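Below is one structure, written out as structure tokens; the observations come after it.
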Amino acid sequence: MKQKERQDMSEHNLLKKQRDRSETSSQCRHANVGRVGGIKSGDMSNETNSSSNDIEASESLTSTMNKMSLTRETEISRDIKTRSARSKSNHKPEEWMLLDKESNTLTQLNLAIVGHVDSGKSTLSGRLLHLLGRISQKQMHKFEREAKLQGKGSFAYAWALDESGEERERGITMSVAIAYFNTKRHHVVLLDSPGHKDFVPNMIAGATQADAAILVVDASIGAFEAGFDNLKGQTREHARVLRGFGVEQVIVAVNKMDIVGYSKDRFDLIKHHVGSFLQSCRFKESSLTWIPLSVMENQNLVSAPSESLLTSWYQGPCLLDAIDSINSPDRDVSKPLLMPICDVVRSNSQGQVSACGKLEAGAVRLGSKIMVMPSGEQGTVRSLERDSQGCTIARAGDNVAIALQGIDANQVMAGGVLCHPDYPVSVATHLELTVVVLEGATPILLGSQLEFHVHHAKEVATVVKLVAMLDPKTGEATKKSPRCLTAKQSAMLEVSLQYPVCVETFSESRALGRVFLRSSGRTVAMGKVTRIIQDY
């Protein structure tokens, strides 16, 4: 798929150069499924035994995220927070915005597929789409021929989503691919995320849009251990990112069971170690579903397995039934419009610009007035696409492409936000955060430079103040002005960003208030925005 466009705004040129030097930026790739030829490219632009210490460390750091006191949020700048809260409380939704409760339409489910590199995520996605008739047999034969010509016959299903030449040559997913299918209850938006450590920022782009997730684990000897390794594997980091973005329901797909002879002992071992870690991340056991399967042998994907070695001990649901049993979250359709921009698509021939992303709140329709932040420019909705199909109305939870008119195309950029003109989001460079430092992270010092991630925005951040260390259970300050922050510690700190980002406090907007801090290719801390600080 095409890489998302980089705008040429003069005031952001330095920012873009900095981003080009840092890790690959978030990308979203869309597949128009169910048309002639199956998936068609659109224009839019992944075993060491866990010791008890590891589990306790993870439990401490992740519990802080959920138990941390938010009392400091009442002390934030009144001229920002109070005005925003008061104005939104006065918002009255129009009738067209609300969902028809009598409608029998399928509920939308945004489902991320994550896991360590080479665990089989894209192959799983491709085979699932093929089995459900979303990829034609003709297109599948084409993928098989092309894969064999490059000596990568086993990658044929993955090529349904990994469409770029570099992805196919390297045999890895590099950006988020999007496809669609239906279950009995849901219209599923599938977000196939990269597993390689170099593309974790792109995986974050998928996680920030997800309602639920499939965590793919490779069952084969050595591969599971490598993926679950705390330093080199991505399984743990992906799980933490999911939880950090509020994902609660996870299907753990234990893939490549054929390689281990569909061994129940191997499955139970993986379930024990991964399950202990996920529960330490505060995933509830009741929200986890465990599915043994083999993508290559088509076992336990869309129907009950036929392999006797598996059916002799497993009588649970197949993957498709597990997806169907996921509960869709409540949507904030009655709130003011809010959409972080994941991608920007331009049509040079028609002079149009479209903003792509997931509607986090509110609704939009043809002709709606809209504001683009951080520029503050206003325009109207010229056309709408939901799941690559034209529509007249889109609501919270929908993945959309919104064609805009009356707005300078250079002002529309990935990492920006579309919002209601009467309820602009905050734009800031100085923030107070409460964070949990992850295990294995290098110490965070006063003056440390980090990569700051919030929704689809990425910015260079400097730690300008270490406010206090926090009690992981109560969130209360235990030590003021610490010299540094080390692994597994909870803390409050202030950061200064090189350029402004669209942001809100976590209590005001979870979508715009969850943050991740990265350094040297690793996620070192995750947390929440607790205060927006105005520098006068």
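Identifiers in the structure tokens: chain A, B, ... in order shown; residue index from 1 per chain; ligand index from 1 in order shown.
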Quiz prompt | Residue neighbourhood Met373 (chain A), 8 Å, only C-alpha atoms, exclusion window fewer than 5 positions, as a list in words | solution = Gly416, Val417, Leu418, Cys419, Pro424, Val425, Val427 and Cys502 of chain A
Practice problem: Write out as a list in words the residues lying within 6 Å of Phe506 (chain A), counting only C-alpha atoms and excluding same-chain residues fewer than 2 positions away. | Solution: Glu508, Ser509, Arg510, Gly513, Lys528 and Val529 of chain A
Tell me which protein, DNA and RNA residues are within 9 Å of Leu109 (chain A), counting only C-alpha atoms, leaving out same-chain ones fewer than 4 positions away, and put them as an mmCIF file with N, CA and C atoms, in the first residue's frame.
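New file selection.cif:
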data_model
loop_
_atom_site.group_PDB
_atom_site.id
_atom_site.type_symbol
_atom_site.label_atom_id
_atom_site.label_comp_id
_atom_site.auth_asym_id
_atom_site.auth_seq_id
_atom_site.Cartn_x
_atom_site.Cartn_y
_atom_site.Cartn_z
ATOM 1 N N HIS A 186 -21.311 -9.422 14.370
ATOM 2 C CA HIS A 186 -20.450 -8.265 14.170
ATOM 3 C C HIS A 186 -20.095 -8.023 12.712
ATOM 4 N N HIS A 187 -19.906 -6.743 12.398
ATOM 5 C CA HIS A 187 -19.166 -6.356 11.199
ATOM 6 C C HIS A 187 -17.758 -6.064 11.693
ATOM 7 N N VAL A 188 -16.808 -6.908 11.310
ATOM 8 C CA VAL A 188 -15.458 -6.846 11.865
ATOM 9 C C VAL A 188 -14.542 -6.030 10.961
ATOM 10 N N VAL A 189 -13.874 -5.051 11.564
ATOM 11 C CA VAL A 189 -12.805 -4.315 10.896
ATOM 12 C C VAL A 189 -11.500 -4.911 11.407
ATOM 13 N N LEU A 190 -10.805 -5.613 10.519
ATOM 14 C CA LEU A 190 -9.603 -6.345 10.897
ATOM 15 C C LEU A 190 -8.380 -5.447 10.731
ATOM 16 N N ALA A 210 -8.388 -0.173 18.271
ATOM 17 C CA ALA A 210 -8.975 -1.486 18.542
ATOM 18 C C ALA A 210 -9.995 -1.485 19.678
ATOM 19 N N ASP A 211 -11.052 -2.288 19.487
ATOM 20 C CA ASP A 211 -12.011 -2.585 20.548
ATOM 21 C C ASP A 211 -11.619 -3.871 21.275
ATOM 22 N N ALA A 212 -11.015 -4.787 20.558
ATOM 23 C CA ALA A 212 -10.574 -6.079 21.078
ATOM 24 C C ALA A 212 -9.397 -6.528 20.240
ATOM 25 N N ILE A 326 -17.279 -11.863 21.235
ATOM 26 C CA ILE A 326 -16.739 -10.625 21.827
ATOM 27 C C ILE A 326 -17.855 -9.594 21.943
ATOM 28 N N ASN A 327 -17.881 -8.882 23.041
ATOM 29 C CA ASN A 327 -18.879 -7.843 23.254
ATOM 30 C C ASN A 327 -18.388 -6.513 22.694
ATOM 31 N N SER A 328 -19.220 -5.880 21.878
ATOM 32 C CA SER A 328 -18.861 -4.566 21.340
ATOM 33 C C SER A 328 -18.975 -3.518 22.437
ATOM 34 N N PRO A 329 -18.055 -2.564 22.484
ATOM 35 C CA PRO A 329 -18.107 -1.521 23.518
ATOM 36 C C PRO A 329 -19.203 -0.510 23.226
ATOM 37 N N GLY A 397 -16.998 4.777 16.456
ATOM 38 C CA GLY A 397 -16.635 3.383 16.256
ATOM 39 C C GLY A 397 -16.366 3.032 14.816
ATOM 40 N N ASP A 398 -16.877 3.856 13.884
ATOM 41 C CA ASP A 398 -16.698 3.585 12.460
ATOM 42 C C ASP A 398 -15.309 3.999 11.989
#
Self-check item: Spatial neighbours of Ser354 (chain A), 10 Å, only C-alpha atoms, chain gap at least 6 places, as a ChimeraX atom specification
Solution: /A:44,341,343-347,381-385,400-405,409,412-413
Output all heavy atoms for every residue in the selection just made, as a compact mmCIF listing (two decimals), in the first residue's frame.
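Contents of again-v3.txt, as written:
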# COMPACT_ATOMS: atom_id res chain seq x y z
N MET A 44 -5.37 4.44 0.52
CA MET A 44 -4.93 4.84 1.82
C MET A 44 -3.69 4.07 2.25
O MET A 44 -3.46 2.93 1.90
CB MET A 44 -6.01 4.61 2.84
CG MET A 44 -7.27 5.34 2.58
SD MET A 44 -8.49 4.93 3.79
CE MET A 44 -9.91 4.71 2.83
N ILE A 341 -6.61 11.66 13.30
CA ILE A 341 -6.34 11.35 11.90
C ILE A 341 -5.20 10.34 11.80
O ILE A 341 -4.08 10.59 12.22
CB ILE A 341 -5.98 12.63 11.12
CG1 ILE A 341 -7.13 13.65 11.21
CG2 ILE A 341 -5.68 12.30 9.66
CD1 ILE A 341 -6.79 15.00 10.60
N ASP A 343 -4.50 8.70 8.69
CA ASP A 343 -3.92 8.81 7.36
C ASP A 343 -4.53 9.97 6.60
O ASP A 343 -5.64 10.41 6.92
CB ASP A 343 -4.19 7.53 6.57
CG ASP A 343 -2.92 6.79 6.21
OD1 ASP A 343 -1.87 7.43 6.12
OD2 ASP A 343 -2.99 5.56 6.01
N VAL A 344 -3.83 10.43 5.60
CA VAL A 344 -4.33 11.48 4.72
C VAL A 344 -4.21 11.00 3.28
O VAL A 344 -3.16 10.48 2.88
CB VAL A 344 -3.55 12.80 4.91
CG1 VAL A 344 -4.01 13.85 3.92
CG2 VAL A 344 -3.72 13.31 6.34
N VAL A 345 -5.29 11.14 2.53
CA VAL A 345 -5.30 10.73 1.13
C VAL A 345 -5.61 11.95 0.27
O VAL A 345 -6.59 12.66 0.52
CB VAL A 345 -6.36 9.64 0.87
CG1 VAL A 345 -6.38 9.25 -0.60
CG2 VAL A 345 -6.09 8.42 1.74
N ARG A 346 -4.78 12.19 -0.72
CA ARG A 346 -4.99 13.32 -1.61
C ARG A 346 -5.28 12.83 -3.03
O ARG A 346 -4.72 11.84 -3.48
CB ARG A 346 -3.77 14.22 -1.66
CG ARG A 346 -3.45 14.91 -0.36
CD ARG A 346 -2.28 15.84 -0.55
NE ARG A 346 -1.86 16.43 0.71
CZ ARG A 346 -0.86 17.30 0.80
NH1 ARG A 346 -0.20 17.66 -0.28
NH2 ARG A 346 -0.54 17.81 1.96
N SER A 347 -6.15 13.55 -3.70
CA SER A 347 -6.41 13.31 -5.11
C SER A 347 -5.96 14.56 -5.86
O SER A 347 -6.67 15.57 -5.89
CB SER A 347 -7.90 13.04 -5.36
OG SER A 347 -8.17 12.96 -6.75
N VAL A 381 -17.93 18.59 5.14
CA VAL A 381 -17.76 17.22 4.66
C VAL A 381 -18.33 17.12 3.26
O VAL A 381 -19.53 17.31 3.05
CB VAL A 381 -18.45 16.21 5.60
CG1 VAL A 381 -18.35 14.80 5.03
CG2 VAL A 381 -17.82 16.28 6.99
N ARG A 382 -17.47 16.81 2.31
CA ARG A 382 -17.90 16.69 0.91
C ARG A 382 -18.43 15.30 0.61
O ARG A 382 -19.43 15.14 -0.09
CB ARG A 382 -16.73 17.02 -0.02
CG ARG A 382 -17.08 16.93 -1.49
CD ARG A 382 -15.94 17.46 -2.34
NE ARG A 382 -16.25 17.41 -3.75
CZ ARG A 382 -15.50 17.94 -4.70
NH1 ARG A 382 -14.37 18.56 -4.36
NH2 ARG A 382 -15.84 17.85 -5.96
N SER A 383 -17.75 14.26 1.13
CA SER A 383 -18.21 12.89 0.95
C SER A 383 -17.68 12.03 2.09
O SER A 383 -16.73 12.41 2.78
CB SER A 383 -17.77 12.32 -0.40
OG SER A 383 -16.36 12.22 -0.48
N LEU A 384 -18.29 10.86 2.26
CA LEU A 384 -17.93 9.95 3.35
C LEU A 384 -17.76 8.53 2.81
O LEU A 384 -18.55 8.09 1.96
CB LEU A 384 -19.04 9.92 4.42
CG LEU A 384 -19.05 10.95 5.54
CD1 LEU A 384 -20.34 10.79 6.34
CD2 LEU A 384 -17.85 10.77 6.44
N GLU A 385 -16.77 7.84 3.32
CA GLU A 385 -16.64 6.41 3.07
C GLU A 385 -16.48 5.70 4.40
O GLU A 385 -15.68 6.10 5.24
CB GLU A 385 -15.42 6.10 2.18
CG GLU A 385 -15.64 6.36 0.72
CD GLU A 385 -14.51 5.78 -0.13
OE1 GLU A 385 -13.65 5.08 0.43
OE2 GLU A 385 -14.50 6.03 -1.35
N VAL A 400 -13.50 5.52 8.94
CA VAL A 400 -14.02 6.34 7.84
C VAL A 400 -12.91 7.07 7.09
O VAL A 400 -11.80 7.26 7.60
CB VAL A 400 -15.03 7.39 8.36
CG1 VAL A 400 -16.25 6.71 8.97
CG2 VAL A 400 -14.38 8.33 9.38
N ALA A 401 -13.26 7.48 5.87
CA ALA A 401 -12.47 8.43 5.11
C ALA A 401 -13.38 9.61 4.83
O ALA A 401 -14.44 9.45 4.22
CB ALA A 401 -11.97 7.81 3.81
N ILE A 402 -13.02 10.78 5.32
CA ILE A 402 -13.85 11.98 5.21
C ILE A 402 -13.20 12.93 4.22
O ILE A 402 -12.12 13.47 4.47
CB ILE A 402 -14.02 12.66 6.58
CG1 ILE A 402 -14.63 11.69 7.59
CG2 ILE A 402 -14.88 13.91 6.44
CD1 ILE A 402 -14.76 12.27 9.00
N ALA A 403 -13.85 13.12 3.06
CA ALA A 403 -13.37 14.08 2.08
C ALA A 403 -13.81 15.47 2.49
O ALA A 403 -15.00 15.71 2.76
CB ALA A 403 -13.91 13.73 0.70
N LEU A 404 -12.86 16.39 2.55
CA LEU A 404 -13.11 17.73 3.07
C LEU A 404 -13.09 18.76 1.94
O LEU A 404 -12.36 18.61 0.96
CB LEU A 404 -12.06 18.08 4.11
CG LEU A 404 -11.92 17.11 5.29
CD1 LEU A 404 -10.68 17.45 6.10
CD2 LEU A 404 -13.16 17.13 6.17
N GLN A 405 -13.85 19.80 2.11
CA GLN A 405 -13.79 20.93 1.19
C GLN A 405 -13.74 22.23 1.98
O GLN A 405 -14.23 22.31 3.11
CB GLN A 405 -14.98 20.93 0.23
CG GLN A 405 -16.34 21.13 0.85
CD GLN A 405 -17.45 21.08 -0.20
OE1 GLN A 405 -17.23 20.70 -1.34
NE2 GLN A 405 -18.65 21.46 0.21
N ALA A 409 -5.39 21.82 1.99
CA ALA A 409 -4.97 20.42 2.13
C ALA A 409 -3.70 20.28 2.97
O ALA A 409 -3.49 19.26 3.63
CB ALA A 409 -4.76 19.81 0.75
N VAL A 412 -4.11 19.45 6.72
CA VAL A 412 -4.64 18.14 7.14
C VAL A 412 -3.48 17.16 7.20
O VAL A 412 -2.85 16.88 6.17
CB VAL A 412 -5.71 17.64 6.17
CG1 VAL A 412 -6.34 16.34 6.69
CG2 VAL A 412 -6.79 18.71 5.97
N MET A 413 -3.17 16.65 8.38
CA MET A 413 -2.00 15.80 8.54
C MET A 413 -2.29 14.66 9.51
O MET A 413 -3.13 14.78 10.42
CB MET A 413 -0.82 16.61 9.06
CG MET A 413 -0.99 17.11 10.49
SD MET A 413 0.27 18.29 10.96
CE MET A 413 -0.32 19.74 10.08
Exercise. For Lys479 (chain A), work out the shell of residues within 12 Å, counting only C-alpha atoms and skipping chain neighbours fewer than 3 positions away, then give it as a list of chain:residue names.
Key: A:Leu466, A:Val467, A:Ala468, A:Met469, A:Leu470, A:Asp471, A:Gly475, A:Glu476, A:Pro482, A:Arg483, A:Cys484, A:Leu485, A:Gln489, A:Ser490, A:Ala491, A:Met492
Quiz item: Given the choices A:Tyr499, A:Phe245, A:Tyr262, A:Phe283, which gets closest to Phe516 (chain A) if the distance is worked out from only C-alpha atoms?
Solution: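 Residue with the minimum atom-to-atom distance to Phe516 (chain A): A:Phe245.
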Self-check item: Residues of region 179-361 of chain A in strand (DSSP E), written as a PyMOL selection string
Solution: chain A and resi 179-182+186-192+212-218+249-255+288-292+338-340+343-347+352-358
If you keep N, CA and C atoms, can you produce a file of those selected residues as a compact mmCIF listing (two decimals), in the first residue's frame?
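again28.txt, freshly written:
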# COMPACT_ATOMS: atom_id res chain seq x y z
N ALA A 179 -8.91 -4.79 6.68
CA ALA A 179 -9.83 -5.57 5.86
C ALA A 179 -11.13 -5.77 6.65
N TYR A 180 -12.12 -6.39 6.01
CA TYR A 180 -13.45 -6.48 6.62
C TYR A 180 -14.07 -7.85 6.40
N PHE A 181 -14.82 -8.32 7.40
CA PHE A 181 -15.65 -9.51 7.24
C PHE A 181 -16.76 -9.47 8.29
N ASN A 182 -17.73 -10.35 8.12
CA ASN A 182 -18.87 -10.39 9.04
C ASN A 182 -18.94 -11.71 9.79
N HIS A 186 -21.31 -9.42 14.37
CA HIS A 186 -20.45 -8.27 14.17
C HIS A 186 -20.10 -8.02 12.71
N HIS A 187 -19.91 -6.74 12.40
CA HIS A 187 -19.17 -6.36 11.20
C HIS A 187 -17.76 -6.06 11.69
N VAL A 188 -16.81 -6.91 11.31
CA VAL A 188 -15.46 -6.85 11.86
C VAL A 188 -14.54 -6.03 10.96
N VAL A 189 -13.87 -5.05 11.56
CA VAL A 189 -12.80 -4.32 10.90
C VAL A 189 -11.50 -4.91 11.41
N LEU A 190 -10.81 -5.61 10.52
CA LEU A 190 -9.60 -6.34 10.90
C LEU A 190 -8.38 -5.45 10.73
N LEU A 191 -7.61 -5.28 11.81
CA LEU A 191 -6.42 -4.42 11.81
C LEU A 191 -5.20 -5.31 11.97
N ASP A 192 -4.59 -5.69 10.85
CA ASP A 192 -3.42 -6.57 10.87
C ASP A 192 -2.19 -5.72 11.13
N ALA A 212 -11.02 -4.79 20.56
CA ALA A 212 -10.57 -6.08 21.08
C ALA A 212 -9.40 -6.53 20.24
N ALA A 213 -8.78 -7.66 20.61
CA ALA A 213 -7.57 -8.07 19.89
C ALA A 213 -7.43 -9.58 19.86
N ILE A 214 -6.72 -10.03 18.83
CA ILE A 214 -6.23 -11.41 18.77
C ILE A 214 -4.72 -11.34 18.96
N LEU A 215 -4.23 -11.97 20.01
CA LEU A 215 -2.79 -12.06 20.26
C LEU A 215 -2.33 -13.40 19.73
N VAL A 216 -1.55 -13.38 18.64
CA VAL A 216 -1.10 -14.61 18.00
C VAL A 216 0.23 -15.04 18.60
N VAL A 217 0.28 -16.30 19.03
CA VAL A 217 1.49 -16.87 19.64
C VAL A 217 1.92 -18.09 18.83
N ASP A 218 3.20 -18.18 18.53
CA ASP A 218 3.77 -19.31 17.80
C ASP A 218 4.06 -20.43 18.78
N GLN A 249 -10.71 -7.21 26.01
CA GLN A 249 -11.03 -8.55 25.53
C GLN A 249 -9.97 -9.02 24.54
N VAL A 250 -9.36 -10.16 24.83
CA VAL A 250 -8.28 -10.68 23.99
C VAL A 250 -8.50 -12.17 23.72
N ILE A 251 -8.36 -12.55 22.45
CA ILE A 251 -8.31 -13.94 22.06
C ILE A 251 -6.84 -14.30 21.87
N VAL A 252 -6.36 -15.29 22.60
CA VAL A 252 -4.98 -15.75 22.43
C VAL A 252 -5.03 -16.93 21.47
N ALA A 253 -4.56 -16.70 20.24
CA ALA A 253 -4.55 -17.73 19.21
C ALA A 253 -3.19 -18.41 19.21
N VAL A 254 -3.13 -19.63 19.71
CA VAL A 254 -1.88 -20.39 19.76
C VAL A 254 -1.74 -21.11 18.42
N ASN A 255 -0.96 -20.52 17.53
CA ASN A 255 -0.83 -20.96 16.15
C ASN A 255 0.28 -22.01 15.98
N LEU A 288 -10.38 -13.38 28.60
CA LEU A 288 -9.39 -14.05 27.77
C LEU A 288 -9.97 -15.34 27.21
N THR A 289 -9.76 -15.57 25.92
CA THR A 289 -10.19 -16.80 25.26
C THR A 289 -8.98 -17.45 24.62
N TRP A 290 -8.81 -18.75 24.82
CA TRP A 290 -7.62 -19.46 24.35
C TRP A 290 -8.01 -20.42 23.24
N ILE A 291 -7.40 -20.24 22.06
CA ILE A 291 -7.76 -21.04 20.89
C ILE A 291 -6.52 -21.71 20.31
N PRO A 292 -6.41 -23.04 20.40
CA PRO A 292 -5.32 -23.74 19.69
C PRO A 292 -5.72 -23.89 18.22
N LEU A 338 -15.19 13.70 17.32
CA LEU A 338 -13.76 13.59 17.62
C LEU A 338 -13.17 12.45 16.80
N MET A 339 -12.20 12.76 15.95
CA MET A 339 -11.54 11.73 15.16
C MET A 339 -10.05 12.02 15.01
N PRO A 340 -9.18 11.28 15.70
CA PRO A 340 -7.74 11.39 15.43
C PRO A 340 -7.46 10.93 14.01
N ASP A 343 -4.50 8.70 8.69
CA ASP A 343 -3.92 8.81 7.36
C ASP A 343 -4.53 9.97 6.60
N VAL A 344 -3.83 10.43 5.60
CA VAL A 344 -4.33 11.48 4.72
C VAL A 344 -4.21 11.00 3.28
N VAL A 345 -5.29 11.14 2.53
CA VAL A 345 -5.30 10.73 1.13
C VAL A 345 -5.61 11.95 0.27
N ARG A 346 -4.78 12.19 -0.72
CA ARG A 346 -4.99 13.32 -1.61
C ARG A 346 -5.28 12.83 -3.03
N SER A 347 -6.15 13.55 -3.70
CA SER A 347 -6.41 13.31 -5.11
C SER A 347 -5.96 14.56 -5.86
N GLN A 352 -8.73 17.15 -4.10
CA GLN A 352 -9.42 16.81 -2.86
C GLN A 352 -8.44 16.27 -1.83
N VAL A 353 -8.83 16.37 -0.57
CA VAL A 353 -8.08 15.77 0.52
C VAL A 353 -9.05 15.07 1.45
N SER A 354 -8.68 13.85 1.87
CA SER A 354 -9.51 13.06 2.78
C SER A 354 -8.72 12.71 4.02
N ALA A 355 -9.37 12.79 5.16
CA ALA A 355 -8.78 12.38 6.44
C ALA A 355 -9.37 11.02 6.81
N CYS A 356 -8.50 10.10 7.20
CA CYS A 356 -8.93 8.73 7.51
C CYS A 356 -8.66 8.42 8.98
N GLY A 357 -9.53 7.64 9.58
CA GLY A 357 -9.34 7.24 10.97
C GLY A 357 -10.60 6.65 11.55
N LYS A 358 -10.55 6.43 12.85
CA LYS A 358 -11.69 5.89 13.59
C LYS A 358 -12.38 7.01 14.34
Quiz item: What residues in region 221-263 of chain A get the DSSP label helix (DSSP H, G or I)? Please answer as an MDAnalysis selection string.
Solution: chainID A and resid 223:228 235:244 257:260
Quiz prompt | Close residues, Asp332 (chain A) itself excluded, 7 Å, only C-alpha atoms, min 2 positions apart in chain, as an NGL selection string | solution = :A and (330 or 334-335 or 361-362 or 396)
Self-check item: 6 Å contact set for Ile393 (chain A), only C-alpha atoms, chain neighbours under 2 positions out, as a PyMOL selection string
Solution: chain A and resi 364-365+391
Any chance you can output those residues with all heavy atoms as a compact mmCIF listing (two decimals), in the first residue's frame?
# COMPACT_ATOMS: atom_id res chain seq x y z
N VAL A 364 -20.96 12.15 12.10
CA VAL A 364 -20.73 13.09 11.02
C VAL A 364 -21.57 12.67 9.83
O VAL A 364 -21.85 11.49 9.63
CB VAL A 364 -19.21 13.13 10.67
CG1 VAL A 364 -18.74 11.79 10.13
CG2 VAL A 364 -18.90 14.25 9.70
N ARG A 365 -21.99 13.64 9.04
CA ARG A 365 -22.75 13.33 7.83
C ARG A 365 -22.37 14.31 6.73
O ARG A 365 -21.63 15.28 6.97
CB ARG A 365 -24.25 13.39 8.10
CG ARG A 365 -24.77 14.77 8.48
CD ARG A 365 -26.28 14.72 8.67
NE ARG A 365 -26.82 16.00 9.16
CZ ARG A 365 -28.12 16.22 9.37
NH1 ARG A 365 -29.00 15.27 9.13
NH2 ARG A 365 -28.52 17.39 9.83
N CYS A 391 -21.15 6.35 2.10
CA CYS A 391 -22.24 6.40 3.07
C CYS A 391 -22.64 7.85 3.29
O CYS A 391 -21.95 8.78 2.86
CB CYS A 391 -21.86 5.72 4.39
SG CYS A 391 -20.48 6.54 5.24
